[in-house]
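Shown below: entry-v7.cif, with mmCIF, C-alpha atoms (C1' of nucleotides).
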data_query
loop_
_atom_site.group_PDB
_atom_site.id
_atom_site.type_symbol
_atom_site.label_atom_id
_atom_site.label_comp_id
_atom_site.auth_asym_id
_atom_site.auth_seq_id
_atom_site.Cartn_x
_atom_site.Cartn_y
_atom_site.Cartn_z
ATOM 1 C CA MET A 243 0.000 0.000 0.000
ATOM 2 C CA ALA A 244 2.462 2.554 1.203
ATOM 3 C CA ARG A 245 4.546 2.787 -1.934
ATOM 4 C CA VAL A 246 6.045 5.907 -0.477
ATOM 5 C CA THR A 247 8.327 4.993 2.393
ATOM 6 C CA GLU A 248 8.965 7.056 5.476
ATOM 7 C CA GLU A 249 12.485 7.659 4.220
ATOM 8 C CA GLN A 250 11.179 9.244 1.057
ATOM 9 C CA VAL A 251 8.994 11.574 3.084
ATOM 10 C CA GLU A 252 11.933 12.495 5.285
ATOM 11 C CA ALA A 253 14.068 13.054 2.210
ATOM 12 C CA VAL A 254 11.502 15.448 0.787
ATOM 13 C CA ARG A 255 11.270 17.366 4.027
ATOM 14 C CA ALA A 256 15.049 17.495 4.327
ATOM 15 C CA LEU A 257 15.422 18.745 0.775
ATOM 16 C CA VAL A 258 12.811 21.444 1.254
ATOM 17 C CA ALA A 259 14.440 22.520 4.482
ATOM 18 C CA ALA A 260 17.808 22.594 2.706
ATOM 19 C CA ILE A 261 16.739 25.110 0.108
ATOM 20 C CA PRO A 262 18.695 28.296 0.875
ATOM 21 C CA PRO A 263 16.767 31.521 1.433
ATOM 22 C CA GLY A 264 16.577 33.575 -1.714
ATOM 23 C CA THR A 265 16.359 30.514 -3.926
ATOM 24 C CA VAL A 266 13.569 28.182 -5.017
ATOM 25 C CA SER A 267 13.195 24.623 -6.256
ATOM 26 C CA THR A 268 10.575 22.745 -8.231
ATOM 27 C CA TYR A 269 8.343 19.841 -7.290
ATOM 28 C CA GLY A 270 9.870 17.806 -10.070
ATOM 29 C CA ASP A 271 13.407 18.314 -8.815
ATOM 30 C CA ILE A 272 12.535 17.389 -5.259
ATOM 31 C CA ALA A 273 10.592 14.331 -6.360
ATOM 32 C CA GLU A 274 13.466 13.189 -8.504
ATOM 33 C CA VAL A 275 16.154 13.678 -5.847
ATOM 34 C CA ALA A 276 13.965 12.086 -3.171
ATOM 35 C CA GLY A 277 13.356 9.106 -5.427
ATOM 36 C CA LEU A 278 9.644 9.650 -5.818
ATOM 37 C CA SER A 279 7.952 8.521 -8.996
ATOM 38 C CA SER A 280 5.638 11.478 -9.168
ATOM 39 C CA PRO A 281 5.965 15.169 -8.287
ATOM 40 C CA ARG A 282 2.409 15.071 -7.029
ATOM 41 C CA ILE A 283 3.571 13.142 -3.999
ATOM 42 C CA VAL A 284 5.644 16.136 -2.984
ATOM 43 C CA GLY A 285 2.512 18.234 -3.008
ATOM 44 C CA TRP A 286 0.733 15.614 -0.985
ATOM 45 C CA ILE A 287 3.507 15.558 1.613
ATOM 46 C CA MET A 288 3.466 19.321 1.912
ATOM 47 C CA ARG A 289 -0.288 19.406 2.289
ATOM 48 C CA THR A 290 -0.564 16.690 4.916
ATOM 49 C CA ASP A 291 2.755 16.840 6.753
ATOM 50 C CA SER A 292 3.074 20.573 6.489
ATOM 51 C CA SER A 293 5.161 21.623 9.468
ATOM 52 C CA ASP A 294 7.402 24.627 9.648
ATOM 53 C CA LEU A 295 9.009 23.785 6.347
ATOM 54 C CA PRO A 296 9.789 26.594 3.891
ATOM 55 C CA TRP A 297 7.182 25.236 1.484
ATOM 56 C CA HIS A 298 7.031 28.597 -0.223
ATOM 57 C CA ARG A 299 10.428 27.868 -1.748
ATOM 58 C CA VAL A 300 8.880 25.052 -3.768
ATOM 59 C CA VAL A 301 7.197 26.132 -6.983
ATOM 60 C CA PRO A 302 5.881 24.345 -10.077
ATOM 61 C CA ALA A 303 8.184 24.026 -13.091
ATOM 62 C CA SER A 304 6.190 26.769 -14.752
ATOM 63 C CA GLY A 305 7.163 29.154 -11.966
ATOM 64 C CA ARG A 306 3.525 30.052 -11.509
ATOM 65 C CA PRO A 307 2.012 28.731 -8.234
ATOM 66 C CA ALA A 308 -1.645 27.888 -7.809
ATOM 67 C CA PRO A 309 -3.774 31.060 -7.560
ATOM 68 C CA HIS A 310 -4.833 30.506 -3.952
ATOM 69 C CA LEU A 311 -1.242 30.093 -2.824
ATOM 70 C CA ALA A 312 0.478 32.504 -5.151
ATOM 71 C CA THR A 313 -0.312 35.508 -2.976
ATOM 72 C CA ARG A 314 1.193 34.166 0.242
ATOM 73 C CA GLN A 315 3.965 32.301 -1.488
ATOM 74 C CA LEU A 316 5.176 35.171 -3.636
ATOM 75 C CA GLU A 317 4.935 37.488 -0.667
ATOM 76 C CA ARG A 318 7.191 35.262 1.429
ATOM 77 C CA LEU A 319 9.616 34.811 -1.443
ATOM 78 C CA ARG A 320 9.780 38.509 -2.058
ATOM 79 C CA ALA A 321 10.695 38.983 1.606
ATOM 80 C CA GLU A 322 13.671 36.700 0.971
ATOM 81 C CA GLY A 323 14.770 38.502 -2.147
ATOM 82 C CA VAL A 324 13.032 36.396 -4.775
ATOM 83 C CA LEU A 325 11.257 38.873 -6.995
ATOM 84 C CA ALA A 326 8.366 37.460 -8.999
ATOM 85 C CA THR A 327 7.517 39.214 -12.229
ATOM 86 C CA ASP A 328 3.878 39.149 -13.291
ATOM 87 C CA GLY A 329 3.036 36.499 -10.684
ATOM 88 C CA ARG A 330 5.726 34.228 -12.034
ATOM 89 C CA VAL A 331 9.053 33.271 -10.475
ATOM 90 C CA PRO A 332 11.955 33.368 -12.936
ATOM 91 C CA LEU A 333 13.343 29.907 -12.172
ATOM 92 C CA ARG A 334 16.292 30.543 -14.421
ATOM 93 C CA GLU A 335 17.433 33.116 -11.898
ATOM 94 C CA TYR A 336 16.505 31.638 -8.546
ATOM 95 C CA ARG A 337 16.373 27.875 -9.137
ATOM 96 C CA HIS A 338 18.393 25.933 -6.564
ATOM 97 C CA ILE A 339 20.214 22.889 -7.954
ATOM 98 C CA PHE A 340 20.755 20.080 -5.466
ATOM 99 C "C1'" DT B 111 -15.884 -0.157 -3.494
ATOM 100 C "C1'" DA B 112 -15.585 3.591 -6.800
ATOM 101 C "C1'" DC B 113 -14.903 8.160 -8.065
ATOM 102 C "C1'" DC B 114 -13.060 12.799 -7.254
ATOM 103 C "C1'" DT B 115 -9.721 15.948 -5.728
ATOM 104 C "C1'" DG B 116 -5.147 18.088 -5.096
ATOM 105 C "C1'" DA B 117 0.957 22.524 -3.254
ATOM 106 C "C1'" DC B 118 2.386 18.734 -10.391
ATOM 107 C "C1'" DA B 119 5.198 17.361 -14.862
ATOM 108 C "C1'" DA B 120 5.786 16.525 -19.580
ATOM 109 C "C1'" DG B 121 4.327 16.028 -24.249
ATOM 110 C "C1'" DA B 122 1.298 17.236 -28.147
ATOM 111 C "C1'" DG B 123 -1.420 20.449 -30.843
ATOM 112 C "C1'" DG C 115 3.070 31.609 -24.892
ATOM 113 C "C1'" DC C 116 -1.674 28.605 -24.092
ATOM 114 C "C1'" DT C 117 -4.847 24.458 -23.295
ATOM 115 C "C1'" DC C 118 -5.694 19.472 -23.150
ATOM 116 C "C1'" DT C 119 -4.372 14.771 -21.943
ATOM 117 C "C1'" DT C 120 -1.985 11.256 -19.435
ATOM 118 C "C1'" DG C 121 0.658 9.313 -15.489
ATOM 119 C "C1'" DC C 122 1.415 9.328 -10.736
ATOM 120 C "C1'" DC C 123 0.064 8.719 -5.306
ATOM 121 C "C1'" DA C 124 -2.785 9.170 -1.149
ATOM 122 C "C1'" DG C 125 -6.947 10.782 1.204
ATOM 123 C "C1'" DG C 126 -11.791 12.042 1.435
ATOM 124 C "C1'" DT C 127 -16.678 11.322 0.440
#
Serialized structure, structure tokens:
Amino acid sequence: MARVTEEQVEAVRALVAAIPPGTVSTYGDIAEVAGLSSPRIVGWIMRTDSSDLPWHRVVPASGRPAPHLATRQLERLRAEGVLATDGRVPLREYRHIF
DNA sequence: TACCTGACAAGAG
DNA sequence: GCTCTTGCCAGGT
């Protein structure tokens, strides 16, 4: 049943926590590094296990977060120096490579 | 039990 | 650039 092991979840949380302030990463990158078969699992982990992780540093590959989160997320990122243009984060500039 | 939903990605048109 | 479709996983109704 649990195709996602506890270690994978911990890996995701560790990776998110390891993203330096002022930079961002994508769901796809985190899923790949953590060994997950789908980026959606990262979103699931964030939604259910959401602790004090810097979840705002994780954005879709398009750089455009979901509308209901974009406001808070972009606001937090801006406070860290990540400037979003037209509601979109320029990943080319701020993307953190693990 | 079955279907829908959700912090997504990648490819095709 | 955009939208649509498919694959992926777990939880809720």
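Taking CA of Gly277 (chain A) as the reference point, C1' of DG121 (chain C) is found at 16.2 Å.
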> CA of Ala259 (chain A) and CA of Gly329 (chain A), how far apart in Å?
Replying inline: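 Taking CA of Gly329 (chain A) as the start and CA of Ala259 (chain A) as the end point, the length is 23.6 Å.
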Please produce, as JSON lines, a per-residue contact table for chain A versus chain B (criterion: any atom at most 12 Å away, only C-alpha atoms (C1' of nucleotides) considered), showing the nearest atom pair and its distance in Å to one decimal, sorted by chain then residue number.
{"residue": "A:Thr268", "atom": "CA", "partner": "B:DC118", "partner_atom": "C1'", "distance": 9.4}
{"residue": "A:Tyr269", "atom": "CA", "partner": "B:DC118", "partner_atom": "C1'", "distance": 6.8}
{"residue": "A:Gly270", "atom": "CA", "partner": "B:DA119", "partner_atom": "C1'", "distance": 6.7}
{"residue": "A:Asp271", "atom": "CA", "partner": "B:DA119", "partner_atom": "C1'", "distance": 10.2}
{"residue": "A:Ile272", "atom": "CA", "partner": "B:DC118", "partner_atom": "C1'", "distance": 11.5}
{"residue": "A:Ala273", "atom": "CA", "partner": "B:DC118", "partner_atom": "C1'", "distance": 10.1}
{"residue": "A:Glu274", "atom": "CA", "partner": "B:DA119", "partner_atom": "C1'", "distance": 11.2}
{"residue": "A:Ser279", "atom": "CA", "partner": "B:DA119", "partner_atom": "C1'", "distance": 11.0}
{"residue": "A:Ser280", "atom": "CA", "partner": "B:DC118", "partner_atom": "C1'", "distance": 8.0}
{"residue": "A:Pro281", "atom": "CA", "partner": "B:DC118", "partner_atom": "C1'", "distance": 5.5}
{"residue": "A:Arg282", "atom": "CA", "partner": "B:DC118", "partner_atom": "C1'", "distance": 5.0}
{"residue": "A:Ile283", "atom": "CA", "partner": "B:DC118", "partner_atom": "C1'", "distance": 8.6}
{"residue": "A:Val284", "atom": "CA", "partner": "B:DA117", "partner_atom": "C1'", "distance": 7.9}
{"residue": "A:Gly285", "atom": "CA", "partner": "B:DA117", "partner_atom": "C1'", "distance": 4.6}
{"residue": "A:Trp286", "atom": "CA", "partner": "B:DA117", "partner_atom": "C1'", "distance": 7.3}
{"residue": "A:Ile287", "atom": "CA", "partner": "B:DA117", "partner_atom": "C1'", "distance": 8.9}
{"residue": "A:Met288", "atom": "CA", "partner": "B:DA117", "partner_atom": "C1'", "distance": 6.6}
{"residue": "A:Arg289", "atom": "CA", "partner": "B:DA117", "partner_atom": "C1'", "distance": 6.5}
{"residue": "A:Thr290", "atom": "CA", "partner": "B:DA117", "partner_atom": "C1'", "distance": 10.2}
{"residue": "A:Asp291", "atom": "CA", "partner": "B:DA117", "partner_atom": "C1'", "distance": 11.6}
{"residue": "A:Ser292", "atom": "CA", "partner": "B:DA117", "partner_atom": "C1'", "distance": 10.2}
{"residue": "A:Trp297", "atom": "CA", "partner": "B:DA117", "partner_atom": "C1'", "distance": 8.3}
{"residue": "A:His298", "atom": "CA", "partner": "B:DA117", "partner_atom": "C1'", "distance": 9.1}
{"residue": "A:Arg299", "atom": "CA", "partner": "B:DA117", "partner_atom": "C1'", "distance": 11.0}
{"residue": "A:Val300", "atom": "CA", "partner": "B:DA117", "partner_atom": "C1'", "distance": 8.3}
{"residue": "A:Val301", "atom": "CA", "partner": "B:DA117", "partner_atom": "C1'", "distance": 8.1}
{"residue": "A:Pro302", "atom": "CA", "partner": "B:DC118", "partner_atom": "C1'", "distance": 6.6}
{"residue": "A:Ala303", "atom": "CA", "partner": "B:DA119", "partner_atom": "C1'", "distance": 7.5}
{"residue": "A:Ser304", "atom": "CA", "partner": "B:DA119", "partner_atom": "C1'", "distance": 9.5}
{"residue": "A:Gly305", "atom": "CA", "partner": "B:DC118", "partner_atom": "C1'", "distance": 11.6}
{"residue": "A:Arg306", "atom": "CA", "partner": "B:DC118", "partner_atom": "C1'", "distance": 11.4}
{"residue": "A:Pro307", "atom": "CA", "partner": "B:DA117", "partner_atom": "C1'", "distance": 8.0}
{"residue": "A:Ala308", "atom": "CA", "partner": "B:DA117", "partner_atom": "C1'", "distance": 7.5}
{"residue": "A:Pro309", "atom": "CA", "partner": "B:DA117", "partner_atom": "C1'", "distance": 10.7}
{"residue": "A:His310", "atom": "CA", "partner": "B:DA117", "partner_atom": "C1'", "distance": 9.9}
{"residue": "A:Leu311", "atom": "CA", "partner": "B:DA117", "partner_atom": "C1'", "distance": 7.9}
{"residue": "A:Ala312", "atom": "CA", "partner": "B:DA117", "partner_atom": "C1'", "distance": 10.2}
{"residue": "A:Gln315", "atom": "CA", "partner": "B:DA117", "partner_atom": "C1'", "distance": 10.4}
With C-alpha atoms kept, could you save the residues just selected as a PDB file, in the coordinates of the input?
ATOM      1  CA  THR A 268      10.575  22.745  -8.231  1.00  0.00           C
ATOM      2  CA  TYR A 269       8.343  19.841  -7.290  1.00  0.00           C
ATOM      3  CA  GLY A 270       9.870  17.806 -10.070  1.00  0.00           C
ATOM      4  CA  ASP A 271      13.407  18.314  -8.815  1.00  0.00           C
ATOM      5  CA  ILE A 272      12.535  17.389  -5.259  1.00  0.00           C
ATOM      6  CA  ALA A 273      10.592  14.331  -6.360  1.00  0.00           C
ATOM      7  CA  GLU A 274      13.466  13.189  -8.504  1.00  0.00           C
ATOM      8  CA  SER A 279       7.952   8.521  -8.996  1.00  0.00           C
ATOM      9  CA  SER A 280       5.638  11.478  -9.168  1.00  0.00           C
ATOM     10  CA  PRO A 281       5.965  15.169  -8.287  1.00  0.00           C
ATOM     11  CA  ARG A 282       2.409  15.071  -7.029  1.00  0.00           C
ATOM     12  CA  ILE A 283       3.571  13.142  -3.999  1.00  0.00           C
ATOM     13  CA  VAL A 284       5.644  16.136  -2.984  1.00  0.00           C
ATOM     14  CA  GLY A 285       2.512  18.234  -3.008  1.00  0.00           C
ATOM     15  CA  TRP A 286       0.733  15.614  -0.985  1.00  0.00           C
ATOM     16  CA  ILE A 287       3.507  15.558   1.613  1.00  0.00           C
ATOM     17  CA  MET A 288       3.466  19.321   1.912  1.00  0.00           C
ATOM     18  CA  ARG A 289      -0.288  19.406   2.289  1.00  0.00           C
ATOM     19  CA  THR A 290      -0.564  16.690   4.916  1.00  0.00           C
ATOM     20  CA  ASP A 291       2.755  16.840   6.753  1.00  0.00           C
ATOM     21  CA  SER A 292       3.074  20.573   6.489  1.00  0.00           C
ATOM     22  CA  TRP A 297       7.182  25.236   1.484  1.00  0.00           C
ATOM     23  CA  HIS A 298       7.031  28.597  -0.223  1.00  0.00           C
ATOM     24  CA  ARG A 299      10.428  27.868  -1.748  1.00  0.00           C
ATOM     25  CA  VAL A 300       8.880  25.052  -3.768  1.00  0.00           C
ATOM     26  CA  VAL A 301       7.197  26.132  -6.983  1.00  0.00           C
ATOM     27  CA  PRO A 302       5.881  24.345 -10.077  1.00  0.00           C
ATOM     28  CA  ALA A 303       8.184  24.026 -13.091  1.00  0.00           C
ATOM     29  CA  SER A 304       6.190  26.769 -14.752  1.00  0.00           C
ATOM     30  CA  GLY A 305       7.163  29.154 -11.966  1.00  0.00           C
ATOM     31  CA  ARG A 306       3.525  30.052 -11.509  1.00  0.00           C
ATOM     32  CA  PRO A 307       2.012  28.731  -8.234  1.00  0.00           C
ATOM     33  CA  ALA A 308      -1.645  27.888  -7.809  1.00  0.00           C
ATOM     34  CA  PRO A 309      -3.774  31.060  -7.560  1.00  0.00           C
ATOM     35  CA  HIS A 310      -4.833  30.506  -3.952  1.00  0.00           C
ATOM     36  CA  LEU A 311      -1.242  30.093  -2.824  1.00  0.00           C
ATOM     37  CA  ALA A 312       0.478  32.504  -5.151  1.00  0.00           C
ATOM     38  CA  GLN A 315       3.965  32.301  -1.488  1.00  0.00           C
TER      39      GLN A 315
END
> How many Å lie between CA of Pro296 (chain A) and CA of Val258 (chain A), rounded to one decimal?
Replying inline: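 Interatomic distance here is 6.5 Å.
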>> With all atoms listed in the file considered, list every residue of chain C at most 12 Å from chain A, as a list in words.
In response: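 Using all atoms listed in the file, chain C residues at most 12 Å from chain A: DG115, DG121, DC122, DC123, DA124 and DG125 of chain C.
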Dump as a PDB file, in the coordinates of the input, selection limited to C-alpha atoms (C1' of nucleotides):
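Resulting contents of part30.pdb:
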ATOM      1  C1'  DG C 115       3.070  31.609 -24.892  1.00  0.00           C
ATOM      2  C1'  DG C 121       0.658   9.313 -15.489  1.00  0.00           C
ATOM      3  C1'  DC C 122       1.415   9.328 -10.736  1.00  0.00           C
ATOM      4  C1'  DC C 123       0.064   8.719  -5.306  1.00  0.00           C
ATOM      5  C1'  DA C 124      -2.785   9.170  -1.149  1.00  0.00           C
ATOM      6  C1'  DG C 125      -6.947  10.782   1.204  1.00  0.00           C
TER       7       DG C 125
END
> Got a sec: who's within 6 Å of Val254 (chain A), counting all atoms listed in the file, leaving out chain neighbours fewer than 3 positions off, as JSON, numbers by chain?
Replying inline: {"A": [251, 257, 276]}
Box centre and edge lengths (Å, one decimal), axis-aligned, region 111-122 of chain B plus 3 Å each side, as AutoDock Vina command-line options:
--center_x -5.0 --center_y 11.2 --center_z -15.7 --size_x 27.7 --size_y 28.7 --size_z 30.9
